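**Q** Have a look at this one before I ask anything.
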Amino acid sequence: MTFRELTPDDYPAVQALHRLVGWPERSAAGWRWLHDNPARLEAKAAAGWVTDGPDGQPAAHVGNLVQRFWLGDQVLYGATGFSVIVAPGARGASRALLDAFSHQPGMFAAWIFNANSRSQPLYRRHDMVAWPEQTHALKLSWILSPLPLLAGRALRAAYRIAPRALTALDEQLLNARLGRTPRLTLPNGVALMTELGDDSPFARFWQTLKTEGRLLADRSPAALRWRLADPDQTVPPLLLAHRRDGVVTGYAMAQMAKANSLEPPVLEIIDLEALADDSEAIPTLMDGLKLAARAMGAAKLRLQTVTPQGLTRLGRHADVTRQEGGWGHCHVRFAEGAPDPALWSPTPYDGDYAACLRPVPLPEPAQARRGVTVGATTARA
């Protein structure tokens with residue numbers, strides 16, 4: 001078997017690996033968008049690595065999602081791995097892939113924030129530790145519609161008994177709200193964020209956030225514009241801004257997803273950030289996210305990466321959450337000379353979720369409305 005860096009010509013074979021394990025597949029345009037990640041190009045980093053099987057085609061893969069980070073005015077780069085797939089005939093190939101990923105030069109850290117219960121022991125063998133110590137196994141969710149969740153649980157139980165019968169079924173647990181344009185009544189101080197110009201209110205929020213001295217993944221308007229350009233999204237991500245005295249002091253990004261054909265739709269929180277001196281921004285944004293999730297057809301709202309600082313900032317919402325996970329899904333290797341880990345409080349934005357979640361399929365009448373943004377009854381940020 002031959003180990004090497006990924007090239008654009010490998011994407012059809014990588015797509016086949018995703019199909020082999022039942023993971024979300026991208027369009028050709030979606031793979032090009034991911035390959036052209038501006039931060040990766042700027043850092044001159046690999047887009048990933050593959051191991052070729054006997055037929056010369058990739059039989060194992062790990063993707064490399066690079067992000068620009070800021071610590072004050074200092075620019076750093078970090079990388080999250082995604083789509084670690086090894087075909088049965090390439091058993092053992094993950095060793096070279098994960099070594100290359102976790103020890104790549106030019107990164108202050110390399111991490112996996114989306115490990116499943118079976119794969120998570122692998123990362124310890126590559127100098128990656130479960131982190132943060134207190135919350136690496138924690139995912140939080142807020143149930144909004146119990147019946148679809150119960151139905152999904154019953155379908156999964158039936159699948160374990162008769163997988164062939166359920167594989168033949170069409171997509172289950174869709175609803176008429178998916179893809180529609182609901183009119184949202186958002187909490188006071190929260191509005192849809194529609195302006196991402198380089199001199200927008202959000203740009204000024206980002207510049208203030210950078211001065212706080214924390215280690216932050218790049219949330220500049222340009223970085224968000226690249227994220228929002230993902231061609232495989234079926235429903236545009238939801239962006240909410242929190243204002244205090246007319247100034248943006250916090251924002252949230254959330255994305256509709258559906259893990260598989262037997263699961264109900266979920267609104268996944270991708271990012272949740274606020275200025276340090278506004279303790280009400282994040283709890284109020286959470287109020288808005290819950291209202292939006294119901295209107296958009298989600299059975300629950302979920303936050304899949306949690307830190308001790310993030311847990312504290314949730315305020316009253318931390319007391320009414322359901323805990324998911326239970327295994328170490330967050331692993332990281334810090335490079336020698338990396339900044340103090342205490343300066344970093346990642347959200348799912350820092351991981352692979354935005355790139356790897358399965359987009360929610362839309363009911364047929366809604367497909368004609370694809371690309372329509374969510375409306376609101378409040379002023380826009």
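Order determines the names: the first chain of the structure tokens is A, the second B, and so forth; residues in each chain are numbered 1 upward, and ligands are numbered 1 upward as they are shown.
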Would you list the contacts of A:Met296 as a CSV table (one decimal) with N, CA and C atoms, in the first residue's frame, taking every protein, DNA or RNA residue within 8 Å and counting only C-alpha atoms, but skipping same-chain residues closer than 6 positions in sequence?

**A**
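Dumped to result_1.csv:
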```csv
chain,number,residue,atom,x,y,z
A,177,ARG,N,-42.4,21.7,7.7
A,177,ARG,CA,-41.8,22.9,8.0
A,177,ARG,C,-40.4,23.0,7.4
A,178,LEU,N,-39.8,21.9,7.0
A,178,LEU,CA,-38.4,21.9,6.5
A,178,LEU,C,-38.4,22.7,5.1
A,179,GLY,N,-37.4,23.6,5.1
A,179,GLY,CA,-37.2,24.4,3.8
A,179,GLY,C,-38.2,25.5,3.7
A,180,ARG,N,-39.2,25.7,4.5
A,180,ARG,CA,-40.1,26.8,4.4
A,180,ARG,C,-39.4,28.0,5.0
A,181,THR,N,-40.1,29.2,4.9
A,181,THR,CA,-39.6,30.4,5.4
A,181,THR,C,-40.4,30.9,6.5
A,182,PRO,N,-40.2,30.4,7.7
A,182,PRO,CA,-41.0,30.8,8.9
A,182,PRO,C,-40.8,32.3,9.3
```

**Q** Would you mind listing what lies within 9 Å of A:Arg214 as an NGL selection string, with only C-alpha atoms counted and same-chain residues fewer than 5 positions away left out?

**A** :A and (70-72 or 209 or 342-345)

**Q** Could you save the residues just selected, with all heavy atoms, as a short mmCIF file (atom, residue, chain, number, x, y, z; two decimals), in the first residue's frame?

**A**
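File out-v1.cif, as written:
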```
data_model
loop_
_atom_site.label_atom_id
_atom_site.label_comp_id
_atom_site.auth_asym_id
_atom_site.auth_seq_id
_atom_site.Cartn_x
_atom_site.Cartn_y
_atom_site.Cartn_z
N TRP A 70 -6.37 33.43 15.68
CA TRP A 70 -5.82 34.69 16.14
C TRP A 70 -5.62 34.65 17.64
O TRP A 70 -6.46 34.17 18.39
CB TRP A 70 -6.76 35.85 15.79
CG TRP A 70 -6.87 36.11 14.32
CD1 TRP A 70 -7.74 35.52 13.45
CD2 TRP A 70 -6.10 37.04 13.55
NE1 TRP A 70 -7.56 35.99 12.18
CE2 TRP A 70 -6.57 36.95 12.22
CE3 TRP A 70 -5.08 37.93 13.86
CZ2 TRP A 70 -6.03 37.72 11.19
CZ3 TRP A 70 -4.56 38.71 12.83
CH2 TRP A 70 -5.03 38.60 11.52
N LEU A 71 -4.49 35.16 18.08
CA LEU A 71 -4.22 35.41 19.49
C LEU A 71 -3.76 36.86 19.56
O LEU A 71 -2.58 37.16 19.32
CB LEU A 71 -3.14 34.46 20.02
CG LEU A 71 -2.81 34.58 21.52
CD1 LEU A 71 -4.05 34.38 22.37
CD2 LEU A 71 -1.73 33.56 21.90
N GLY A 72 -4.71 37.77 19.80
CA GLY A 72 -4.40 39.19 19.63
C GLY A 72 -4.13 39.46 18.17
O GLY A 72 -4.95 39.17 17.30
N LEU A 209 -13.83 41.29 19.58
CA LEU A 209 -13.63 39.96 20.16
C LEU A 209 -12.15 39.59 20.14
O LEU A 209 -11.61 39.02 21.10
CB LEU A 209 -14.44 38.93 19.37
CG LEU A 209 -14.60 37.54 19.98
CD1 LEU A 209 -15.44 37.58 21.24
CD2 LEU A 209 -15.24 36.59 18.96
N ALA A 342 -5.48 26.94 27.98
CA ALA A 342 -6.54 27.62 28.73
C ALA A 342 -7.06 28.85 27.99
O ALA A 342 -8.16 29.34 28.29
CB ALA A 342 -6.02 28.04 30.10
N LEU A 343 -6.31 29.33 26.99
CA LEU A 343 -6.76 30.49 26.22
C LEU A 343 -7.78 30.12 25.15
O LEU A 343 -8.37 31.00 24.52
CB LEU A 343 -5.56 31.16 25.55
CG LEU A 343 -4.50 31.77 26.47
CD1 LEU A 343 -3.29 32.23 25.66
CD2 LEU A 343 -5.09 32.93 27.27
N TRP A 344 -7.98 28.83 24.92
CA TRP A 344 -8.82 28.36 23.83
C TRP A 344 -10.08 27.71 24.39
O TRP A 344 -10.00 26.78 25.19
CB TRP A 344 -8.03 27.35 23.00
CG TRP A 344 -8.69 26.87 21.75
CD1 TRP A 344 -9.62 27.52 20.99
CD2 TRP A 344 -8.45 25.62 21.10
NE1 TRP A 344 -9.97 26.76 19.91
CE2 TRP A 344 -9.27 25.59 19.95
CE3 TRP A 344 -7.63 24.53 21.38
CZ2 TRP A 344 -9.28 24.51 19.07
CZ3 TRP A 344 -7.64 23.45 20.50
CH2 TRP A 344 -8.45 23.44 19.36
N SER A 345 -11.23 28.20 23.98
CA SER A 345 -12.52 27.61 24.36
C SER A 345 -13.30 27.32 23.08
O SER A 345 -14.16 28.10 22.66
CB SER A 345 -13.31 28.57 25.26
OG SER A 345 -14.53 28.00 25.66
#
```

**Q** Between A:Val190, A:Leu272, A:Ala222, A:Val235, which residue has the minimum interatomic distance to A:Asp287, considering only C-alpha atoms?

**A**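 The closest residue to A:Asp287 is A:Val190.
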
**Q** Which residue gives the smallest distance to A:Ala292 among A:Ser83, A:Ser27, A:Gln15, A:Thr185, with only C-alpha atoms counted?

**A**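 Closest to A:Ala292 of all the choices is A:Thr185.
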
**Q** Counting only C-alpha atoms, which residues of stretch 108-195 of chain A sit at most 12 Å from some atom of stretch 302-326 of chain A, and what is each one's closest atom pair with its distance in Å to one decimal, listed by chain and rising residue number, as CSV?

**A**
```
residue,atom,partner,partner_atom,distance
A:Ile112,CA,A:Thr305,CA,10.8
A:Phe113,CA,A:Thr305,CA,7.0
A:Asn114,CA,A:Gln304,CA,8.2
A:Ala115,CA,A:Gly325,CA,10.2
A:Asn116,CA,A:Gly325,CA,8.9
A:Ser117,CA,A:Gly326,CA,8.5
A:Gln120,CA,A:Gly326,CA,11.5
A:Trp131,CA,A:Thr307,CA,8.9
A:Pro132,CA,A:Thr307,CA,6.4
A:Glu133,CA,A:Thr307,CA,9.0
A:Gln134,CA,A:Pro308,CA,6.9
A:Thr135,CA,A:Thr307,CA,5.7
A:His136,CA,A:Val306,CA,7.4
A:Ala137,CA,A:Gly326,CA,5.1
A:Leu138,CA,A:Gly325,CA,5.6
A:Lys139,CA,A:Gln304,CA,4.6
A:Leu140,CA,A:Gln323,CA,4.8
A:Ser141,CA,A:Arg302,CA,4.2
A:Trp142,CA,A:Thr321,CA,5.3
A:Ile143,CA,A:Arg322,CA,7.6
A:Leu144,CA,A:Arg302,CA,10.5
```
